[in-house]
Amino acid sequence: MTVDLILFLILALVAVATAAGMLFSRNAVYSALFLVLNFASIAVFYLLLGAPFIAMAQITVYAGAIMVLFLFVIMLLGAEQLAPIKVLPWQRPLAIGLAAVLVAETAYLLILRAKPAADIIPPAETVNTLGELQRLGMALFNQYLLPFEVTSILLLVAMVGAIVLTKREKGERE
Amino acid sequence: MLFEYIAIATLIVLAVIVALIAIGLGELFGPKKKMEEKSMPYESGMTPYGPGTRRMPVRFYLIAVLFILFDIEVVFFLPWAIVFRQLGLFGLIEMAVFIAILLVGYIYAWKKGALEWE
Amino acid sequence: MTLSDFNTLLPLIVLTVWACALLIVDLFIPKGRKGWTALLAVFGLALTLDLTLAQLGDSGAGFSGMITLDGFSTFVNALLLVSAMLAIGLAYGYVKRMGLERGEFYSLILFSVTGMMLMAQAADLVIVFLALELLSIPLYVLAAFARPKVDSEEAGLKYFLLGAFAAGFVVYGIALVYGATGATALSAIVSAVAARTANLTLLIVGAALILVGFGFKVAAVPFHMWTPDVYQGAPTAVTAFMAAGAKIAGFAALLRVFSLAFPSLAADLTPILWALSALTMVVGNLLAISQTNIKRLLAYSSIAHAGYILMAFVPFGSQEVQSVSVAAGLFYLVAYALTNFGSWGVVIALEQKEGRGLEISDYAGLGRKYPALAAAMTIFMLSLTGIPPTLGLVGKFYLFRAVMAGGFTGLAIIGVLTSLVSAYYYLRVVVTMYMREGEPEALREPWLNFTWGLTAIATVVFSFVPSGLFDWASQAVLKLF
């Protein structure tokens, strides 16, 4: 049992618990706050994996900006409290059954059929210094140059989409 | 390998302890008289009425989305700034293309009046 | 980074720049004159098509192995560009008539095509994912373009939520593949498997998750639930583009990723693909029978056709059959795209405001009042069924031949049987047009007429001389760098 493993287990527990809390809260704002906790614990995962930059981005972008947007949307809709919804009577048992099958399948594949974990290729040994960020920068701007530029187009399209869908045209009626 | 973060962890723990002490002291020594007025949202203001949650105009959403998009953009700047010297002119061109594409979005948003508060 | 990197991606770069420029230029085109935007968009597509065709026979890799250029990508890109032009031909009059005329419409279509073309050229799973998002996000917006019409908003939201969910599957699959092989480049995945350093169990789970995600995109059963609602609610011109473009790109990515990166998994995946294909053909065709709305009918028909195209994947493991089945799949995509645009064009011609004119009963009397339109619709319905003299028949013939060559006779039989079932509902439309009395109202718009007329003629003419097209498709083999 190394320190890393203990930390990982605690964090995993927190991450799963907060994810479940997000799903099961009846109040959308609580759900959003659970999600913030979830994001935060995932950020610590990234630290454990030796990716401080990703951890920081996770906190600023996800736990910060995206959650603000989530809360905005919740308030826009005025749907903090989930009204009791009508579901098809067979829908929930069916969903639970199918999910159980999926979990069982995955467990079988990953635990029983998979060879020892040594087979899984570990990420390259990393150190938590500025050098790591430098390596990331070099990879991002050389090998991953194209994905980087495509990301900017993606952001542009998202921006245009948001404006098209929410902005009234001049002269468009209320 | 996580030892570098011990300072940050210590800071977080200390901050929590200080906050707990502040609250705890107040709980411990403060007078506790429960009155109806005291449990109201605004103790000495108007009595609120109606539900506390109100729908907000969609404009806020647009601002929030634009904020996120530019936020993500900024995240890319950090690794770029660190390796800027190694990348040289090539890196400058890469980032110029990136910014030019987002500038298109900015001009579009501006001209469409998405940045105005109608 | 050299000039050859840019050459592999030149059409795409040009189209991206064009789309960005169009977005800005459109801001200065006054309302009511958005025809100029449409014209500029078509011009950009034509320019890109020209550059793409100039790449015929070229092959190479670029951008650190992120991008590949081969006969396959050139073929798919050309098809995508033609599709986008047809879509704009259908859309121009439609958006004007429905009061949706906004310049972003055309820019968004161009951006979506950019994503689709990137998908066809992707040689790395990272690019596959980014391309998937780039093609999807404009489609989500376009589906909701007729806001505040509730149907359209519902379509956009449904498509967005399920599409995001499906993208989650793709990402998770990619992550597992990366975990299994330590690589996201298709060629590196193959070499990791060959060098026996890959964890095959993880690789299978990853591949299956990627398949699920793309199953959503191409509307294969059992991931098809969103299709009828989205196709019905979205503006019809958008539906036409969505039905053709997203399918072509989705299948192109599937063909490339599975044939190139996962041939080692063929033994495990072939039964899954077989079942997926059979299920999609059966369910799609059976559910189409009871439809009374033409948009829903065509939506279920597009599900069924996803099943036929999926047949091309089933023999992906065996090298000799694979090239034939890939060619058959590509040919079928051409046939499907032409027929698809034509039939949606007829639907657009009959659609009135407030969603009137979309029931099959509204087609009664079309044969007498608008003989040309009815004849075109008949051709499309025959082609979708697979009855001569249409391209649909030739496409099905090549497909069935390819899967038979791979030894999957059972699947071919299912294909033939479900085609027979489909004749019932396709021909019902034809019967309604000619045998029932009615006073249908159709619109005559020059670009719309041109589009459905052109596709109708192409559907018939190519069916007599299919070999040229098929030879081209046969040369469009996948290459691994």
# chains A, B, ... in the order shown; residues from 1 in each chain; ligands from 1

call {"tool": "closest_atom_pairs", "arguments": {"of": "chain B", "to": "chain C", "cutoff": "8 Å", "atoms": "only C-alpha atoms", "output": "tab-separated table"}}
result
residue	atom	partner	partner_atom	distance
B:Ile101	CA	C:Cys20	CA	7.5
B:Val104	CA	C:Cys20	CA	6.6
B:Ile107	CA	C:Ile24	CA	7.5
B:Tyr108	CA	C:Ile24	CA	6.3
B:Lys111	CA	C:Leu27	CA	7.1
B:Lys112	CA	C:Leu27	CA	7.7

call {"tool": "residues_around", "arguments": {"residues": "Ile82 in chain B", "least_positions_apart": "5", "cutoff": "10 Å", "atoms": "only C-alpha atoms", "output": "JSON, numbers by chain"}}
result
{"A": [130, 131, 133, 134, 135, 136, 137, 138], "B": [77, 87]}

call {"tool": "write_last_selection", "arguments": {"atoms": "C-alpha atoms", "output": "PDB file, in the first residue's frame"}}
result
ATOM      1  CA  LEU A 130       7.615  23.116 -15.061  1.00  0.00           C
ATOM      2  CA  GLY A 131       9.344  20.605 -17.344  1.00  0.00           C
ATOM      3  CA  LEU A 133       4.222  21.650 -18.798  1.00  0.00           C
ATOM      4  CA  GLN A 134       7.048  22.285 -21.231  1.00  0.00           C
ATOM      5  CA  ARG A 135       6.763  18.765 -22.588  1.00  0.00           C
ATOM      6  CA  LEU A 136       3.035  19.201 -22.916  1.00  0.00           C
ATOM      7  CA  GLY A 137       3.537  22.456 -24.751  1.00  0.00           C
ATOM      8  CA  MET A 138       6.041  20.934 -27.147  1.00  0.00           C
TER       9      MET A 138
ATOM     10  CA  PHE B  77      -1.991  30.099 -23.945  1.00  0.00           C
ATOM     11  CA  LEU B  87       9.010  27.034 -30.864  1.00  0.00           C
TER      12      LEU B  87
END

call {"tool": "closest_residue", "arguments": {"among": "C:Gly307, C:Gly345, C:Gly406, C:Gly62", "to": "Gln322 in chain C", "atoms": "only C-alpha atoms"}}
result
C:Gly406

call {"tool": "interface_residues", "arguments": {"of": "chain A", "to": "chain B", "cutoff": "6 Å", "atoms": "only C-alpha atoms", "output": "MDAnalysis selection string"}}
result
chainID A and resid 65 69 75:76 78 134 137 149 152 156

call {"tool": "atom_distance", "arguments": {"atom1": "CA of Phe75 in chain C", "atom2": "CA of Gln143 in chain A"}}
result
26.9 Å

call {"tool": "residues_around", "arguments": {"residues": "Leu269 in chain C", "least_positions_apart": "3", "cutoff": "12 Å", "atoms": "only C-alpha atoms", "output": "VMD selection string"}}
result
chain C and resid 203 to 211 258 to 259 262 to 266 272 to 276 313 to 317

call {"tool": "write_last_selection", "arguments": {"atoms": "N, CA and C atoms", "output": "PDB file, in the first residue's frame"}}
result
ATOM      1  N   LEU C 203      -8.776  -3.479 -25.764  1.00  0.00           N
ATOM      2  CA  LEU C 203      -8.929  -2.999 -27.135  1.00  0.00           C
ATOM      3  C   LEU C 203     -10.328  -3.327 -27.659  1.00  0.00           C
ATOM      4  N   ILE C 204     -10.804  -4.530 -27.345  1.00  0.00           N
ATOM      5  CA  ILE C 204     -12.139  -4.915 -27.815  1.00  0.00           C
ATOM      6  C   ILE C 204     -13.192  -4.018 -27.182  1.00  0.00           C
ATOM      7  N   VAL C 205     -13.077  -3.804 -25.863  1.00  0.00           N
ATOM      8  CA  VAL C 205     -14.068  -2.948 -25.200  1.00  0.00           C
ATOM      9  C   VAL C 205     -14.036  -1.557 -25.817  1.00  0.00           C
ATOM     10  N   GLY C 206     -12.823  -1.040 -26.049  1.00  0.00           N
ATOM     11  CA  GLY C 206     -12.707   0.286 -26.654  1.00  0.00           C
ATOM     12  C   GLY C 206     -13.339   0.327 -28.030  1.00  0.00           C
ATOM     13  N   ALA C 207     -13.030  -0.674 -28.858  1.00  0.00           N
ATOM     14  CA  ALA C 207     -13.584  -0.700 -30.215  1.00  0.00           C
ATOM     15  C   ALA C 207     -15.100  -0.781 -30.164  1.00  0.00           C
ATOM     16  N   ALA C 208     -15.620  -1.581 -29.226  1.00  0.00           N
ATOM     17  CA  ALA C 208     -17.074  -1.721 -29.130  1.00  0.00           C
ATOM     18  C   ALA C 208     -17.714  -0.399 -28.738  1.00  0.00           C
ATOM     19  N   LEU C 209     -17.071   0.329 -27.826  1.00  0.00           N
ATOM     20  CA  LEU C 209     -17.639   1.612 -27.405  1.00  0.00           C
ATOM     21  C   LEU C 209     -17.616   2.616 -28.559  1.00  0.00           C
ATOM     22  N   ILE C 210     -16.520   2.579 -29.344  1.00  0.00           N
ATOM     23  CA  ILE C 210     -16.468   3.467 -30.513  1.00  0.00           C
ATOM     24  C   ILE C 210     -17.596   3.111 -31.471  1.00  0.00           C
ATOM     25  N   LEU C 211     -17.825   1.821 -31.627  1.00  0.00           N
ATOM     26  CA  LEU C 211     -18.895   1.368 -32.521  1.00  0.00           C
ATOM     27  C   LEU C 211     -20.252   1.876 -32.031  1.00  0.00           C
ATOM     28  N   PHE C 258     -12.133   0.826 -38.448  1.00  0.00           N
ATOM     29  CA  PHE C 258     -12.230  -0.616 -38.209  1.00  0.00           C
ATOM     30  C   PHE C 258     -11.370  -1.408 -39.173  1.00  0.00           C
ATOM     31  N   SER C 259     -11.350  -0.995 -40.444  1.00  0.00           N
ATOM     32  CA  SER C 259     -10.555  -1.772 -41.396  1.00  0.00           C
ATOM     33  C   SER C 259      -9.070  -1.591 -41.148  1.00  0.00           C
ATOM     34  N   PHE C 262      -8.452  -2.026 -36.470  1.00  0.00           N
ATOM     35  CA  PHE C 262      -8.915  -3.178 -35.698  1.00  0.00           C
ATOM     36  C   PHE C 262      -9.091  -4.463 -36.511  1.00  0.00           C
ATOM     37  N   PRO C 263      -8.325  -4.698 -37.586  1.00  0.00           N
ATOM     38  CA  PRO C 263      -8.576  -5.951 -38.302  1.00  0.00           C
ATOM     39  C   PRO C 263      -8.321  -7.167 -37.411  1.00  0.00           C
ATOM     40  N   SER C 264      -7.476  -6.971 -36.377  1.00  0.00           N
ATOM     41  CA  SER C 264      -7.170  -8.105 -35.507  1.00  0.00           C
ATOM     42  C   SER C 264      -8.374  -8.519 -34.668  1.00  0.00           C
ATOM     43  N   LEU C 265      -9.351  -7.627 -34.562  1.00  0.00           N
ATOM     44  CA  LEU C 265     -10.520  -7.934 -33.737  1.00  0.00           C
ATOM     45  C   LEU C 265     -11.656  -8.510 -34.552  1.00  0.00           C
ATOM     46  N   ALA C 266     -11.407  -8.768 -35.852  1.00  0.00           N
ATOM     47  CA  ALA C 266     -12.500  -9.156 -36.744  1.00  0.00           C
ATOM     48  C   ALA C 266     -13.288 -10.333 -36.200  1.00  0.00           C
ATOM     49  N   ILE C 272     -20.954  -9.121 -34.028  1.00  0.00           N
ATOM     50  CA  ILE C 272     -21.661  -7.932 -33.533  1.00  0.00           C
ATOM     51  C   ILE C 272     -22.144  -7.098 -34.712  1.00  0.00           C
ATOM     52  N   LEU C 273     -21.253  -6.882 -35.678  1.00  0.00           N
ATOM     53  CA  LEU C 273     -21.625  -6.073 -36.839  1.00  0.00           C
ATOM     54  C   LEU C 273     -22.721  -6.756 -37.632  1.00  0.00           C
ATOM     55  N   TRP C 274     -22.625  -8.057 -37.732  1.00  0.00           N
ATOM     56  CA  TRP C 274     -23.641  -8.839 -38.445  1.00  0.00           C
ATOM     57  C   TRP C 274     -25.002  -8.587 -37.799  1.00  0.00           C
ATOM     58  N   ALA C 275     -25.049  -8.735 -36.472  1.00  0.00           N
ATOM     59  CA  ALA C 275     -26.315  -8.566 -35.763  1.00  0.00           C
ATOM     60  C   ALA C 275     -26.816  -7.133 -35.897  1.00  0.00           C
ATOM     61  N   LEU C 276     -25.895  -6.190 -35.785  1.00  0.00           N
ATOM     62  CA  LEU C 276     -26.266  -4.778 -35.872  1.00  0.00           C
ATOM     63  C   LEU C 276     -26.889  -4.495 -37.239  1.00  0.00           C
ATOM     64  N   PHE C 313     -19.499  -3.592 -43.691  1.00  0.00           N
ATOM     65  CA  PHE C 313     -18.493  -3.723 -42.640  1.00  0.00           C
ATOM     66  C   PHE C 313     -18.284  -5.159 -42.232  1.00  0.00           C
ATOM     67  N   VAL C 314     -19.330  -5.963 -42.426  1.00  0.00           N
ATOM     68  CA  VAL C 314     -19.297  -7.297 -41.828  1.00  0.00           C
ATOM     69  C   VAL C 314     -18.047  -8.073 -42.254  1.00  0.00           C
ATOM     70  N   PRO C 315     -17.650  -8.056 -43.544  1.00  0.00           N
ATOM     71  CA  PRO C 315     -16.434  -8.810 -43.880  1.00  0.00           C
ATOM     72  C   PRO C 315     -15.153  -8.004 -43.717  1.00  0.00           C
ATOM     73  N   PHE C 316     -15.086  -7.076 -42.759  1.00  0.00           N
ATOM     74  CA  PHE C 316     -13.936  -6.167 -42.742  1.00  0.00           C
ATOM     75  C   PHE C 316     -12.633  -6.851 -42.362  1.00  0.00           C
ATOM     76  N   GLY C 317     -12.729  -8.083 -41.837  1.00  0.00           N
ATOM     77  CA  GLY C 317     -11.501  -8.727 -41.385  1.00  0.00           C
ATOM     78  C   GLY C 317     -10.690  -9.365 -42.501  1.00  0.00           C
TER      79      GLY C 317
END

call {"tool": "atom_distance", "arguments": {"atom1": "CA of Gly233 in chain C", "atom2": "CA of Leu142 in chain C"}}
result
11.0 Å

call {"tool": "residues_around", "arguments": {"residues": "Pro11 in chain C", "least_positions_apart": "4", "cutoff": "7 Å", "atoms": "only C-alpha atoms", "output": "list in words"}}
result
Leu15, Thr48, Leu51 and Thr52 of chain C

call {"tool": "interface_residues", "arguments": {"of": "chain C", "to": "chain A", "cutoff": "7 Å", "atoms": "only C-alpha atoms", "output": "ChimeraX atom specification"}}
result
/C:63-64,127,134,137-138,141,179-182,199,201

call {"tool": "atom_distance", "arguments": {"atom1": "CA of Phe160 in chain C", "atom2": "CA of Tyr140 in chain C"}}
result
5.5 Å

call {"tool": "residues_around", "arguments": {"residues": "Tyr62 in chain A", "least_positions_apart": "2", "cutoff": "10 Å", "atoms": "only C-alpha atoms", "output": "number ranges by chain"}}
result
A: 35-36, 39-40, 43, 56-60, 64-69; B: 68, 72

call {"tool": "residues_around", "arguments": {"residues": "range 347-351 of chain C", "least_positions_apart": "5", "cutoff": "6 Å", "atoms": "only C-alpha atoms", "output": "ChimeraX atom specification"}}
result
/C:357-358,442-443

call {"tool": "closest_residue", "arguments": {"among": "C:Ala402, C:Leu110, C:Gly93, C:Met381", "to": "Gly44 in chain C", "atoms": "only C-alpha atoms"}}
result
C:Leu110

call {"tool": "select_by_dssp", "arguments": {"residues": "chain B", "states": "alpha helix (DSSP H)", "output": "compact mmCIF listing (two decimals) with N, CA and C atoms, in the first residue's frame"}}
result
# COMPACT_ATOMS: atom_id res chain seq x y z
N ILE B 6 2.45 19.33 -0.68
CA ILE B 6 2.17 19.35 0.76
C ILE B 6 1.93 20.78 1.24
N ALA B 7 2.67 21.72 0.69
CA ALA B 7 2.47 23.11 1.09
C ALA B 7 1.04 23.54 0.80
N ILE B 8 0.54 23.19 -0.39
CA ILE B 8 -0.82 23.59 -0.73
C ILE B 8 -1.83 22.90 0.17
N ALA B 9 -1.58 21.61 0.41
CA ALA B 9 -2.50 20.86 1.27
C ALA B 9 -2.51 21.47 2.67
N THR B 10 -1.32 21.84 3.17
CA THR B 10 -1.26 22.47 4.49
C THR B 10 -2.06 23.76 4.50
N LEU B 11 -1.93 24.53 3.43
CA LEU B 11 -2.66 25.79 3.34
C LEU B 11 -4.16 25.55 3.40
N ILE B 12 -4.62 24.55 2.62
CA ILE B 12 -6.06 24.27 2.59
C ILE B 12 -6.53 23.86 3.99
N VAL B 13 -5.75 22.96 4.61
CA VAL B 13 -6.15 22.48 5.94
C VAL B 13 -6.19 23.64 6.92
N LEU B 14 -5.16 24.49 6.89
CA LEU B 14 -5.13 25.62 7.81
C LEU B 14 -6.32 26.54 7.58
N ALA B 15 -6.62 26.81 6.31
CA ALA B 15 -7.74 27.70 6.00
C ALA B 15 -9.03 27.14 6.57
N VAL B 16 -9.22 25.85 6.39
CA VAL B 16 -10.44 25.23 6.91
C VAL B 16 -10.48 25.34 8.43
N ILE B 17 -9.31 25.10 9.05
CA ILE B 17 -9.29 25.15 10.52
C ILE B 17 -9.62 26.55 11.02
N VAL B 18 -9.02 27.55 10.38
CA VAL B 18 -9.29 28.93 10.80
C VAL B 18 -10.77 29.25 10.67
N ALA B 19 -11.36 28.83 9.54
CA ALA B 19 -12.78 29.10 9.34
C ALA B 19 -13.61 28.40 10.40
N LEU B 20 -13.25 27.15 10.68
CA LEU B 20 -14.00 26.39 11.69
C LEU B 20 -13.88 27.05 13.05
N ILE B 21 -12.67 27.54 13.36
CA ILE B 21 -12.49 28.20 14.66
C ILE B 21 -13.40 29.42 14.75
N ALA B 22 -13.42 30.20 13.67
CA ALA B 22 -14.23 31.42 13.70
C ALA B 22 -15.69 31.08 13.93
N ILE B 23 -16.19 30.10 13.20
CA ILE B 23 -17.59 29.73 13.37
C ILE B 23 -17.81 29.12 14.74
N GLY B 24 -16.87 28.25 15.13
CA GLY B 24 -17.02 27.54 16.39
C GLY B 24 -17.04 28.48 17.59
N LEU B 25 -16.16 29.49 17.58
CA LEU B 25 -16.13 30.44 18.68
C LEU B 25 -17.47 31.16 18.81
N GLY B 26 -17.98 31.58 17.66
CA GLY B 26 -19.27 32.27 17.68
C GLY B 26 -20.37 31.38 18.23
N GLU B 27 -20.36 30.14 17.79
CA GLU B 27 -21.36 29.19 18.28
C GLU B 27 -21.24 28.99 19.79
N LEU B 28 -19.98 28.95 20.23
CA LEU B 28 -19.71 28.59 21.62
C LEU B 28 -20.09 29.73 22.57
N PHE B 29 -19.66 30.93 22.21
CA PHE B 29 -19.79 32.03 23.18
C PHE B 29 -20.91 33.00 22.84
N ARG B 59 -30.07 36.32 -21.74
CA ARG B 59 -28.86 37.08 -22.05
C ARG B 59 -27.68 36.64 -21.21
N PHE B 60 -27.99 36.32 -19.92
CA PHE B 60 -26.92 35.88 -19.04
C PHE B 60 -26.21 34.67 -19.62
N TYR B 61 -27.03 33.80 -20.22
CA TYR B 61 -26.49 32.56 -20.76
C TYR B 61 -25.49 32.85 -21.86
N LEU B 62 -25.85 33.77 -22.73
CA LEU B 62 -24.96 34.09 -23.85
C LEU B 62 -23.62 34.60 -23.33
N ILE B 63 -23.69 35.49 -22.33
CA ILE B 63 -22.45 36.02 -21.76
C ILE B 63 -21.63 34.87 -21.17
N ALA B 64 -22.32 33.96 -20.46
CA ALA B 64 -21.60 32.86 -19.82
C ALA B 64 -20.93 31.98 -20.86
N VAL B 65 -21.63 31.71 -21.96
CA VAL B 65 -21.06 30.86 -23.01
C VAL B 65 -19.83 31.53 -23.62
N LEU B 66 -19.97 32.80 -23.92
CA LEU B 66 -18.84 33.50 -24.51
C LEU B 66 -17.66 33.49 -23.55
N PHE B 67 -17.96 33.65 -22.26
CA PHE B 67 -16.90 33.62 -21.26
C PHE B 67 -16.18 32.28 -21.29
N ILE B 68 -16.94 31.20 -21.33
CA ILE B 68 -16.31 29.87 -21.31
C ILE B 68 -15.42 29.69 -22.53
N LEU B 69 -15.93 30.10 -23.69
CA LEU B 69 -15.15 29.89 -24.91
C LEU B 69 -13.82 30.63 -24.83
N PHE B 70 -13.86 31.86 -24.36
CA PHE B 70 -12.60 32.60 -24.29
C PHE B 70 -11.73 32.07 -23.15
N ASP B 71 -12.38 31.51 -22.14
CA ASP B 71 -11.66 30.90 -21.03
C ASP B 71 -10.84 29.72 -21.52
N ILE B 72 -11.48 28.87 -22.32
CA ILE B 72 -10.77 27.70 -22.87
C ILE B 72 -9.61 28.16 -23.74
N GLU B 73 -9.87 29.21 -24.48
CA GLU B 73 -8.81 29.75 -25.33
C GLU B 73 -7.59 30.12 -24.48
N VAL B 74 -7.85 30.76 -23.35
CA VAL B 74 -6.76 31.21 -22.50
C VAL B 74 -5.98 30.03 -21.95
N VAL B 75 -6.68 28.92 -21.67
CA VAL B 75 -6.00 27.74 -21.14
C VAL B 75 -4.89 27.29 -22.09
N PHE B 76 -5.15 27.44 -23.39
CA PHE B 76 -4.14 27.03 -24.37
C PHE B 76 -2.92 27.95 -24.37
N PHE B 77 -3.10 29.15 -23.89
CA PHE B 77 -1.99 30.10 -23.94
C PHE B 77 -0.86 29.71 -22.99
N LEU B 78 -1.23 29.09 -21.88
CA LEU B 78 -0.23 28.84 -20.85
C LEU B 78 0.89 27.92 -21.34
N PRO B 79 0.56 26.72 -21.85
CA PRO B 79 1.65 25.88 -22.35
C PRO B 79 2.38 26.53 -23.52
N TRP B 80 1.67 27.30 -24.28
CA TRP B 80 2.30 27.98 -25.42
C TRP B 80 3.34 28.98 -24.93
N ALA B 81 2.95 29.75 -23.90
CA ALA B 81 3.86 30.78 -23.40
C ALA B 81 5.14 30.15 -22.85
N ILE B 82 5.00 28.95 -22.27
CA ILE B 82 6.17 28.34 -21.64
C ILE B 82 7.17 27.83 -22.69
N PHE B 84 7.34 28.99 -25.74
CA PHE B 84 7.36 29.97 -26.83
C PHE B 84 8.75 30.12 -27.45
N ARG B 85 9.78 30.15 -26.58
CA ARG B 85 11.13 30.38 -27.10
C ARG B 85 11.62 29.19 -27.93
N GLN B 86 11.31 27.99 -27.48
CA GLN B 86 11.74 26.83 -28.25
C GLN B 86 11.04 26.77 -29.61
N LEU B 87 9.78 27.17 -29.63
CA LEU B 87 9.01 27.03 -30.86
C LEU B 87 9.44 28.07 -31.90
N LEU B 89 9.52 31.21 -34.38
CA LEU B 89 8.57 31.86 -35.27
C LEU B 89 7.38 30.94 -35.56
N PHE B 90 7.71 29.65 -35.71
CA PHE B 90 6.67 28.67 -36.01
C PHE B 90 5.54 28.71 -34.98
N GLY B 91 5.94 28.78 -33.71
CA GLY B 91 4.95 28.84 -32.65
C GLY B 91 4.10 30.10 -32.72
N LEU B 92 4.77 31.17 -33.11
CA LEU B 92 4.04 32.43 -33.23
C LEU B 92 2.96 32.33 -34.31
N ILE B 93 3.35 31.69 -35.44
CA ILE B 93 2.37 31.54 -36.53
C ILE B 93 1.22 30.65 -36.09
N GLU B 94 1.56 29.55 -35.40
CA GLU B 94 0.50 28.66 -34.93
C GLU B 94 -0.52 29.42 -34.10
N MET B 95 -0.01 30.18 -33.13
CA MET B 95 -0.91 30.88 -32.24
C MET B 95 -1.65 31.98 -32.98
N ALA B 96 -0.97 32.58 -33.98
CA ALA B 96 -1.65 33.62 -34.75
C ALA B 96 -2.84 33.03 -35.49
N VAL B 97 -2.67 31.83 -36.05
CA VAL B 97 -3.80 31.18 -36.74
C VAL B 97 -4.93 30.92 -35.76
N PHE B 98 -4.55 30.39 -34.60
CA PHE B 98 -5.54 30.09 -33.56
C PHE B 98 -6.32 31.35 -33.20
N ILE B 99 -5.58 32.42 -32.95
CA ILE B 99 -6.25 33.66 -32.54
C ILE B 99 -7.06 34.23 -33.68
N ALA B 100 -6.53 34.11 -34.92
CA ALA B 100 -7.27 34.66 -36.06
C ALA B 100 -8.63 33.99 -36.18
N ILE B 101 -8.67 32.67 -35.98
CA ILE B 101 -9.95 31.96 -36.08
C ILE B 101 -10.90 32.44 -35.00
N LEU B 102 -10.36 32.61 -33.79
CA LEU B 102 -11.25 33.08 -32.72
C LEU B 102 -11.62 34.54 -32.90
N LEU B 103 -10.73 35.27 -33.58
CA LEU B 103 -11.05 36.67 -33.86
C LEU B 103 -12.26 36.75 -34.79
N VAL B 104 -12.33 35.81 -35.72
CA VAL B 104 -13.51 35.75 -36.59
C VAL B 104 -14.77 35.64 -35.73
N GLY B 105 -14.70 34.75 -34.72
CA GLY B 105 -15.83 34.60 -33.83
C GLY B 105 -16.12 35.88 -33.07
N TYR B 106 -15.05 36.54 -32.68
CA TYR B 106 -15.22 37.77 -31.90
C TYR B 106 -15.90 38.84 -32.75
N ILE B 107 -15.42 38.99 -34.00
CA ILE B 107 -16.02 39.98 -34.89
C ILE B 107 -17.49 39.65 -35.12
N TYR B 108 -17.73 38.38 -35.32
CA TYR B 108 -19.11 37.93 -35.56
C TYR B 108 -19.99 38.28 -34.36
N ALA B 109 -19.49 37.93 -33.16
CA ALA B 109 -20.29 38.19 -31.96
C ALA B 109 -20.53 39.69 -31.79
N TRP B 110 -19.50 40.43 -32.07
CA TRP B 110 -19.60 41.88 -31.92
C TRP B 110 -20.64 42.45 -32.88
N LYS B 111 -20.49 42.10 -34.16
CA LYS B 111 -21.39 42.65 -35.16
C LYS B 111 -22.83 42.21 -34.94
N LYS B 112 -22.99 41.01 -34.42
CA LYS B 112 -24.35 40.51 -34.18
C LYS B 112 -24.96 41.17 -32.96
